[in-house]
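Scroll down for the structure; my scribbles are underneath it.
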Amino acid sequence: MEVQFTEQIQQLQLGAGATFHGEGILAITKAVLQAGVAYIGGYQGAPVSHLLDVMVQARPYVDTLGVHVEACSNEASAAAMLGASIHYPLRGAVTWKSIVGTNVAADALANLASPGVVGGALIVLGADYGEGASVVQERTQAFAMKSTLVLIDPRPELANMVRLVEHAFALSEASNMPAMLELRIRACHVRGSFVAKDNVAPKVSTRHLMDEPAGFDYMRLSHPPVTFRHEKLKVEERVPAAQRYIAEHRLNETFDGPRGEVGLVVQGGVTNALIRALQQMGMADDQGASRLPIHVLNVTYPLVPGELSAFCAGRRAVLVLEEGSPEYIEKDLLQILHRQDLNTALHGKDLLPQTGEYTVEAITPGLVAFVERYLPDLDVEPARRWLADNAARRAAVAQALGALPPRPPGFCVGCPERPVFAALKLAQAEVGRVHVAADIGCHSFATFEPFSSGHSILGYGMSLASRAGVSPMMQRRTIAVMGDGGFWHNGLLTGVQAALFNGDDAVLIIMKNGYTSATGTQDILSTPDDEAKAEAERNAALHQSLAHKNQTIEGTLQGMGVAWLRVVYTYEVDQMRRTVQEALTTSFDGLKVIVAEGECQLERQRRLKPWVAGRLKRGERVERVKYGVDEDVCSGDHACIRLSGCPTLTLKDNPDPLRVDPVATVIDGCVGCGLCGANAHAATLCPSFYRAEVVRHPRWTERLWSAWQAAVSSLLRPATSASTR
Ligand code: SF4
Ligand code: SF4
């Protein structure tokens, strides 16, 4: 990973009394160190990748505290790491993206929560929910409830978030329940400040080792018969202990307001949207003080019945703002009110959206309906006007712009995975259409145009496994596509091992771009080492020839018994096409693996840009390859665009007044990956593409050669024109 977190690491080292300024996710990272954590792990994913990325780079510093940092191979291994807190008074924090990561970690989580922990265990979750989310839309609350884990959903304000992280460890220790803290995208990126404390070096650490392992204690195993006892402990002791801690330390917050006949109960993470909606309605001031009392659930599991009934008692009605489905909190609150014999009317999903993100605009109509019903003296006209104005503005914009073309996300300029899908398209033109099992990762961009490739996505590293029921039913072979990130995360065992064991006749393409690119280009086992990268810079300069020195994937596959294995450089489209065709038609009956080799262009450019800038500054020679289209030759059929989808290969008006079709053109930004040329060759397109080498600070011989070429050209040009005439 070429991104440097120098500034963030300095922020992590702030001492007591200093003011931390920055984003929510970094504040959480700092809070974890202030809480005396002994070990940190996780698997990257939006929106919490930053925590682990920063910690991995901060290893030299956290090592001085005796804190161990582990980049785990997947979420299951991260959850299993928390097993350290079952026996030992070690505070541990791990992180991943929910809900998908929690699904992967579910087994370890359940087996962690059953015996419980003695050292505080915290899982920092990225709640990837709502607009812009990249995963299935489900709630983490269900996991907290089923496995009896504390779920903290902090009001997004830095001091509050830091306070809750520190309490999370103590709460976990007081209740023996592992705790989860979920952060929505806005909570991760909210900016603010808080007064820092000193980081705490844990008592037991990599610098102060334990002399002996814990004694044998069957109760610490999640094994029958003690699992039956664990279940009772959860209900009879742990949840009540957690509820006591939450109430005694006021983890949830109540904000009074003058209109006490009603109240609002809100998940902590949705509080800012609620306040903004109240402001739009004229029911909260600029500082966020609301006229309606609000009970903020910074902890959404377990709920504290006494707190909730105290808040609801004496009010005519309460509205619960609970994002996502199903409405667990609302139903629990209904039960609490019923058992307490309180006749407060309860509203929630009857007035608010059942699904989707609770943005300000999404919750305002529900709030308006609630206020109209119970506080008819309040004027809701400002809110209605605001909603109507928004709708009118949208309609006017839509009318002014007309129908906009869809802009699906796509591969980066020069991505090494794009050529593979061009080859796949060409191979299918020969062999016939095949079932393509897609996966999680950048290659899933191929599900959009111009490739529209992929029949299903079952999870990270699951593509090969997901075709197991399809291939035996299909006349043609199926193809599974997987990234190297997915291969190490899950695919190696879930897919490859199963396919080999069952002797499946399957084709697997592994995109070996060197990193888990889609989550932020984190390193993996098969990431090229620094020496390989330096060599690429020395020898290959700006061309695409970083052959990964690390052959771990190939070696692993061979070691497992994969007998049909091809490694193909992705930008060689014709070679890739031929290899795919061979895999689909060969008489070899078994698993066929194509390793598609080509470094992630994003990471490559991050490395090359400062290197190039340095050379230019020193006046050294720099060569840049760029592709272009000869507009006089371009036939205007745009087959090249349908085979590429590169954002820098686009259209422009035809300069020939006698031709109406726009011509293809390569705009600035082309990184010279070579796909344009390779596609033209593999698909026998029109010969309009040219390759140019732009040389800065050329050698004297190059200057001389260039001058000679220019002279010859100028001599030939009038002659050519004359002959044309
Ligand atoms: S991040 Fe890397 S692998 Fe992903 S689309 Fe961009 S260049 Fe391709
Ligand atoms: S060579 Fe073609 S595909 Fe590659 S970056 Fe340039 S325009 Fe895009």
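Following the order of the structure tokens, first chain is A, next is B, and so on, with residues numbered from 1 inside each chain and ligands from 1 in the order they appear.
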For this session: Quick one: everything within 9 Å of Gln601 (chain A), counting only C-alpha atoms, minus sequence neighbours fewer than 3 positions away in the same chain. Send it as a list in words.
Result: Cys412, Val413, Gly414, Cys415, Pro416, Asn513, Gly598, Arg604, Gln605, Arg606, Val671 and Cys673 of chain A
For this session: Grab me every residue within 9 Å of ligand 2, counting only C-alpha atoms and all ligand atoms, and send it over as a ChimeraX atom specification.
Result: /A:412-415,418-419,625-628,644-650,665-679,691
Any chance you can output those residues with C-alpha atoms as a JSON list (two decimals), in the first residue's frame?
```
[["chain", "number", "residue", "atom", "x", "y", "z"],
["A", 412, "CYS", "CA", -9.95, 2.65, -13.17],
["A", 413, "VAL", "CA", -8.20, 3.96, -16.26],
["A", 414, "GLY", "CA", -5.73, 1.28, -17.35],
["A", 415, "CYS", "CA", -7.02, -1.35, -14.88],
["A", 418, "ARG", "CA", -10.53, -4.77, -17.94],
["A", 419, "PRO", "CA", -8.57, -6.66, -20.65],
["A", 625, "VAL", "CA", 3.37, 5.87, -23.39],
["A", 626, "LYS", "CA", 0.09, 7.18, -24.68],
["A", 627, "TYR", "CA", -2.39, 5.73, -27.11],
["A", 628, "GLY", "CA", -4.39, 7.70, -29.61],
["A", 644, "SER", "CA", -12.96, -1.62, -23.45],
["A", 645, "GLY", "CA", -15.06, 0.80, -21.41],
["A", 646, "CYS", "CA", -11.92, 2.75, -20.48],
["A", 647, "PRO", "CA", -13.04, 6.24, -19.39],
["A", 648, "THR", "CA", -10.25, 7.86, -21.42],
["A", 649, "LEU", "CA", -11.35, 6.16, -24.64],
["A", 650, "THR", "CA", -14.35, 8.21, -25.59],
["A", 665, "THR", "CA", -10.66, 9.58, -29.26],
["A", 666, "VAL", "CA", -8.27, 9.07, -26.37],
["A", 667, "ILE", "CA", -8.37, 11.98, -23.95],
["A", 668, "ASP", "CA", -5.73, 13.06, -21.48],
["A", 669, "GLY", "CA", -5.44, 10.61, -18.61],
["A", 670, "CYS", "CA", -4.57, 7.58, -20.71],
["A", 671, "VAL", "CA", -1.91, 5.72, -18.77],
["A", 672, "GLY", "CA", -0.76, 3.82, -21.82],
["A", 673, "CYS", "CA", -1.79, 0.42, -20.53],
["A", 674, "GLY", "CA", -1.82, -0.89, -24.08],
["A", 675, "LEU", "CA", -5.31, -2.36, -24.01],
["A", 676, "CYS", "CA", -6.44, -0.23, -26.94],
["A", 677, "GLY", "CA", -3.75, -1.70, -29.14],
["A", 678, "ALA", "CA", -4.22, -5.22, -27.81],
["A", 679, "ASN", "CA", -7.98, -5.10, -28.37],
["A", 691, "ARG", "CA", 1.00, 4.27, -29.80]]
```
Exercise. Hey, what's within 8 Å of Ala127 (chain A) if we count only C-alpha atoms and toss same-chain stuff fewer than 2 positions away? As number ranges by chain, please?
Worked result: A: 47, 97-99, 125, 129, 140, 182-185
Go ahead and write the residues just picked, N, CA, C and O atoms, as a PDB file, in the first residue's frame.
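Wrote it out as out05.pdb, contents follow:
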```
ATOM      1  N   PRO A  47     -16.882   1.275   5.863  1.00  0.00           N
ATOM      2  CA  PRO A  47     -16.097   2.512   5.918  1.00  0.00           C
ATOM      3  C   PRO A  47     -15.070   2.535   7.035  1.00  0.00           C
ATOM      4  O   PRO A  47     -14.712   3.610   7.500  1.00  0.00           O
ATOM      5  N   LYS A  97     -16.034  -4.860   8.068  1.00  0.00           N
ATOM      6  CA  LYS A  97     -17.227  -4.233   7.475  1.00  0.00           C
ATOM      7  C   LYS A  97     -18.429  -5.151   7.716  1.00  0.00           C
ATOM      8  O   LYS A  97     -18.377  -6.349   7.477  1.00  0.00           O
ATOM      9  N   SER A  98     -19.496  -4.540   8.198  1.00  0.00           N
ATOM     10  CA  SER A  98     -20.722  -5.297   8.408  1.00  0.00           C
ATOM     11  C   SER A  98     -21.707  -4.908   7.297  1.00  0.00           C
ATOM     12  O   SER A  98     -21.589  -3.827   6.738  1.00  0.00           O
ATOM     13  N   ILE A  99     -22.567  -5.753   6.880  1.00  0.00           N
ATOM     14  CA  ILE A  99     -22.991  -6.967   7.484  1.00  0.00           C
ATOM     15  C   ILE A  99     -22.206  -8.173   6.980  1.00  0.00           C
ATOM     16  O   ILE A  99     -22.127  -9.229   7.646  1.00  0.00           O
ATOM     17  N   LEU A 125     -17.295  -1.956  13.815  1.00  0.00           N
ATOM     18  CA  LEU A 125     -17.941  -2.377  12.565  1.00  0.00           C
ATOM     19  C   LEU A 125     -18.237  -1.198  11.666  1.00  0.00           C
ATOM     20  O   LEU A 125     -18.741  -0.169  12.134  1.00  0.00           O
ATOM     21  N   TYR A 129     -24.522   0.680   5.154  1.00  0.00           N
ATOM     22  CA  TYR A 129     -25.964   0.620   4.921  1.00  0.00           C
ATOM     23  C   TYR A 129     -26.409   1.922   4.260  1.00  0.00           C
ATOM     24  O   TYR A 129     -25.903   2.982   4.569  1.00  0.00           O
ATOM     25  N   THR A 140     -27.020  -5.369  11.614  1.00  0.00           N
ATOM     26  CA  THR A 140     -26.120  -6.063  12.534  1.00  0.00           C
ATOM     27  C   THR A 140     -26.829  -6.367  13.854  1.00  0.00           C
ATOM     28  O   THR A 140     -26.429  -7.258  14.596  1.00  0.00           O
ATOM     29  N   GLU A 182     -20.933   0.031  16.048  1.00  0.00           N
ATOM     30  CA  GLU A 182     -21.152   0.197  14.600  1.00  0.00           C
ATOM     31  C   GLU A 182     -21.070   1.660  14.204  1.00  0.00           C
ATOM     32  O   GLU A 182     -21.589   2.532  14.881  1.00  0.00           O
ATOM     33  N   LEU A 183     -20.384   1.879  13.090  1.00  0.00           N
ATOM     34  CA  LEU A 183     -20.166   3.241  12.598  1.00  0.00           C
ATOM     35  C   LEU A 183     -20.685   3.353  11.184  1.00  0.00           C
ATOM     36  O   LEU A 183     -20.201   2.661  10.287  1.00  0.00           O
ATOM     37  N   ARG A 184     -21.674   4.202  11.009  1.00  0.00           N
ATOM     38  CA  ARG A 184     -22.145   4.469   9.653  1.00  0.00           C
ATOM     39  C   ARG A 184     -21.101   5.327   8.931  1.00  0.00           C
ATOM     40  O   ARG A 184     -20.217   5.911   9.569  1.00  0.00           O
ATOM     41  N   ILE A 185     -21.273   5.429   7.620  1.00  0.00           N
ATOM     42  CA  ILE A 185     -20.311   6.202   6.817  1.00  0.00           C
ATOM     43  C   ILE A 185     -20.145   7.616   7.368  1.00  0.00           C
ATOM     44  O   ILE A 185     -19.037   8.123   7.513  1.00  0.00           O
TER      45      ILE A 185
END
```
Problem set entry | Nearest to ligand 1 by atom-to-atom distance, counting only C-alpha atoms and all ligand atoms, from A:Phe255, A:Tyr245, A:Phe143, A:Phe411 | A:Phe411
Considering only C-alpha atoms, return as a short mmCIF file (atom, residue, chain, number, x, y, z; two decimals) with C-alpha atoms, in the first residue's frame whatever protein or nucleic-acid residues lie within 6 Å of region 292-302 of chain A, sequence-local ones (same chain, fewer than 6 positions apart) excluded.
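Below you can see selection_21.cif, which holds the result:
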```cif
data_model
loop_
_atom_site.label_atom_id
_atom_site.label_comp_id
_atom_site.auth_asym_id
_atom_site.auth_seq_id
_atom_site.Cartn_x
_atom_site.Cartn_y
_atom_site.Cartn_z
CA VAL A 150 -23.45 -5.54 23.22
CA LEU A 151 -24.20 -3.24 20.26
CA ILE A 152 -23.10 0.36 20.53
CA ASP A 153 -24.39 2.83 17.94
CA PRO A 154 -22.82 6.12 19.00
CA ASN A 252 -27.61 6.52 26.64
CA GLU A 253 -28.50 10.20 26.66
CA THR A 254 -31.76 12.05 27.28
CA PHE A 255 -32.19 15.58 25.97
CA ASP A 256 -35.17 17.37 27.47
CA GLY A 257 -37.42 19.67 25.49
CA ARG A 259 -42.96 19.74 24.58
CA GLY A 263 -40.89 12.04 22.95
CA LEU A 264 -38.52 10.69 20.34
CA VAL A 265 -36.36 7.57 20.74
CA VAL A 266 -33.53 7.37 18.24
CA GLN A 267 -30.57 5.13 17.45
CA GLY A 268 -27.42 7.10 18.31
#
```
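You can rank A:Ala391, A:Ala133, A:Leu715, A:Met177 by their closest distance to Ala113 (chain A) using only C-alpha atoms, and at the top of that list sits A:Met177.
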Exercise. Skipping near chain neighbours, those fewer than 2 positions away, what residues fall within 6 Å of region 155-158 of chain A using only C-alpha atoms, listed as a list in words?
Worked result: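 Skipping anything fewer than 2 positions along the chain leaves Gly24, Asn160, Met161, Ala187, Gly192, Gly268, Gly269 and Thr271 of chain A.
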Could you turn the residues from that selection into a file that holds N, CA and C atoms, as a PDB file, in the first residue's frame?
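Written out: selection_9.pdb:
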```
ATOM      1  N   GLY A  24     -13.971  10.942  12.505  1.00  0.00           N
ATOM      2  CA  GLY A  24     -14.490  10.024  13.506  1.00  0.00           C
ATOM      3  C   GLY A  24     -13.705   8.731  13.610  1.00  0.00           C
ATOM      4  N   ASN A 160     -18.253  12.087  22.212  1.00  0.00           N
ATOM      5  CA  ASN A 160     -19.186  11.018  22.595  1.00  0.00           C
ATOM      6  C   ASN A 160     -18.692   9.664  22.087  1.00  0.00           C
ATOM      7  N   MET A 161     -18.183   9.644  20.874  1.00  0.00           N
ATOM      8  CA  MET A 161     -17.696   8.375  20.307  1.00  0.00           C
ATOM      9  C   MET A 161     -16.497   7.852  21.102  1.00  0.00           C
ATOM     10  N   ALA A 187     -20.630   8.698  10.373  1.00  0.00           N
ATOM     11  CA  ALA A 187     -19.941   8.706  11.675  1.00  0.00           C
ATOM     12  C   ALA A 187     -18.434   8.551  11.473  1.00  0.00           C
ATOM     13  N   GLY A 192     -14.400  16.685  13.823  1.00  0.00           N
ATOM     14  CA  GLY A 192     -14.597  17.364  15.097  1.00  0.00           C
ATOM     15  C   GLY A 192     -13.334  17.305  15.912  1.00  0.00           C
ATOM     16  N   GLY A 268     -28.436   6.059  18.226  1.00  0.00           N
ATOM     17  CA  GLY A 268     -27.416   7.097  18.309  1.00  0.00           C
ATOM     18  C   GLY A 268     -26.933   7.566  16.948  1.00  0.00           C
ATOM     19  N   GLY A 269     -26.686   6.641  16.053  1.00  0.00           N
ATOM     20  CA  GLY A 269     -26.127   6.982  14.751  1.00  0.00           C
ATOM     21  C   GLY A 269     -27.047   7.796  13.871  1.00  0.00           C
ATOM     22  N   THR A 271     -28.992  10.219  15.144  1.00  0.00           N
ATOM     23  CA  THR A 271     -29.342  11.443  15.875  1.00  0.00           C
ATOM     24  C   THR A 271     -29.104  12.707  15.050  1.00  0.00           C
TER      25      THR A 271
END
```
Give me the residues near Ala369 (chain A) as a compact mmCIF listing (two decimals) with N, CA, C and O atoms, in the first residue's frame, where near means some atom within 9 Å (using only C-alpha atoms) and where sequence neighbours in that chain fewer than 5 positions away do not count.
```txt
# COMPACT_ATOMS: atom_id res chain seq x y z
N LEU A 351 -45.10 5.29 10.59
CA LEU A 351 -44.99 6.65 10.05
C LEU A 351 -43.70 6.86 9.25
O LEU A 351 -43.64 7.74 8.40
N THR A 364 -38.26 13.26 7.55
CA THR A 364 -39.08 14.45 7.81
C THR A 364 -40.59 14.20 7.63
O THR A 364 -41.37 14.62 8.49
N TYR A 374 -50.03 14.79 17.26
CA TYR A 374 -49.98 14.95 18.72
C TYR A 374 -49.70 16.38 19.18
O TYR A 374 -49.93 16.70 20.35
```
Problem set entry | Nearest-residue call for Val593 (chain A), choices A:Arg566, A:Arg373, A:Arg476, A:Arg291, using only C-alpha atoms |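 Ranked by minimum distance to Val593 (chain A), first place goes to A:Arg566.
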Exercise. Taking into account only C-alpha atoms and all ligand atoms, which residue in the set A:Gly590, A:Gly410, A:Gly614, A:Gly454 is nearest to ligand 1?
Worked result: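 So, comparing all the options, the nearest one is A:Gly410.
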Problem set entry | Secondary structure check, strand (DSSP E or B) residues of region 321-376 of chain A, as a ChimeraX atom specification | /A:321,345-347
Exercise. Hey, what's within 7 Å of region 233-241 of chain A if we count only C-alpha atoms and toss same-chain stuff fewer than 2 positions away? As number ranges by chain, please?
Worked result: A: 148, 174-177, 229-231, 243-245, 302
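If you look at CA of Phe169 (chain A) and CA of Tyr88 (chain A), they are 13.7 Å away from each other.
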Problem set entry | Between CA of Phe487 (chain A) and CA of Tyr460 (chain A) - distance in Å to one decimal |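 About the pair CA of Tyr460 (chain A) and CA of Phe487 (chain A): they are 8.5 Å apart.
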For this session: Enumerate the residues of region 314-474 of chain A with a DSSP assignment of alpha helix (DSSP H), computed from the backbone, and present them as a VMD selection string.
Result: chain A and resid 328 to 339 360 to 374 381 to 401 418 to 431 463 to 466
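When only C-alpha atoms are used to compute distances to Ser290 (chain A), the closest of the residues A:Pro258, A:Gly459, A:Gly66, A:Gly314 turns out to be A:Pro258.
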For this session: Could you tell me which of A:His189, A:Arg621, A:Arg91, A:Lys146 comes closest to Gly120 (chain A) if we count only C-alpha atoms?
Result: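 Under the stated criterion, the closest residue is A:Arg91.
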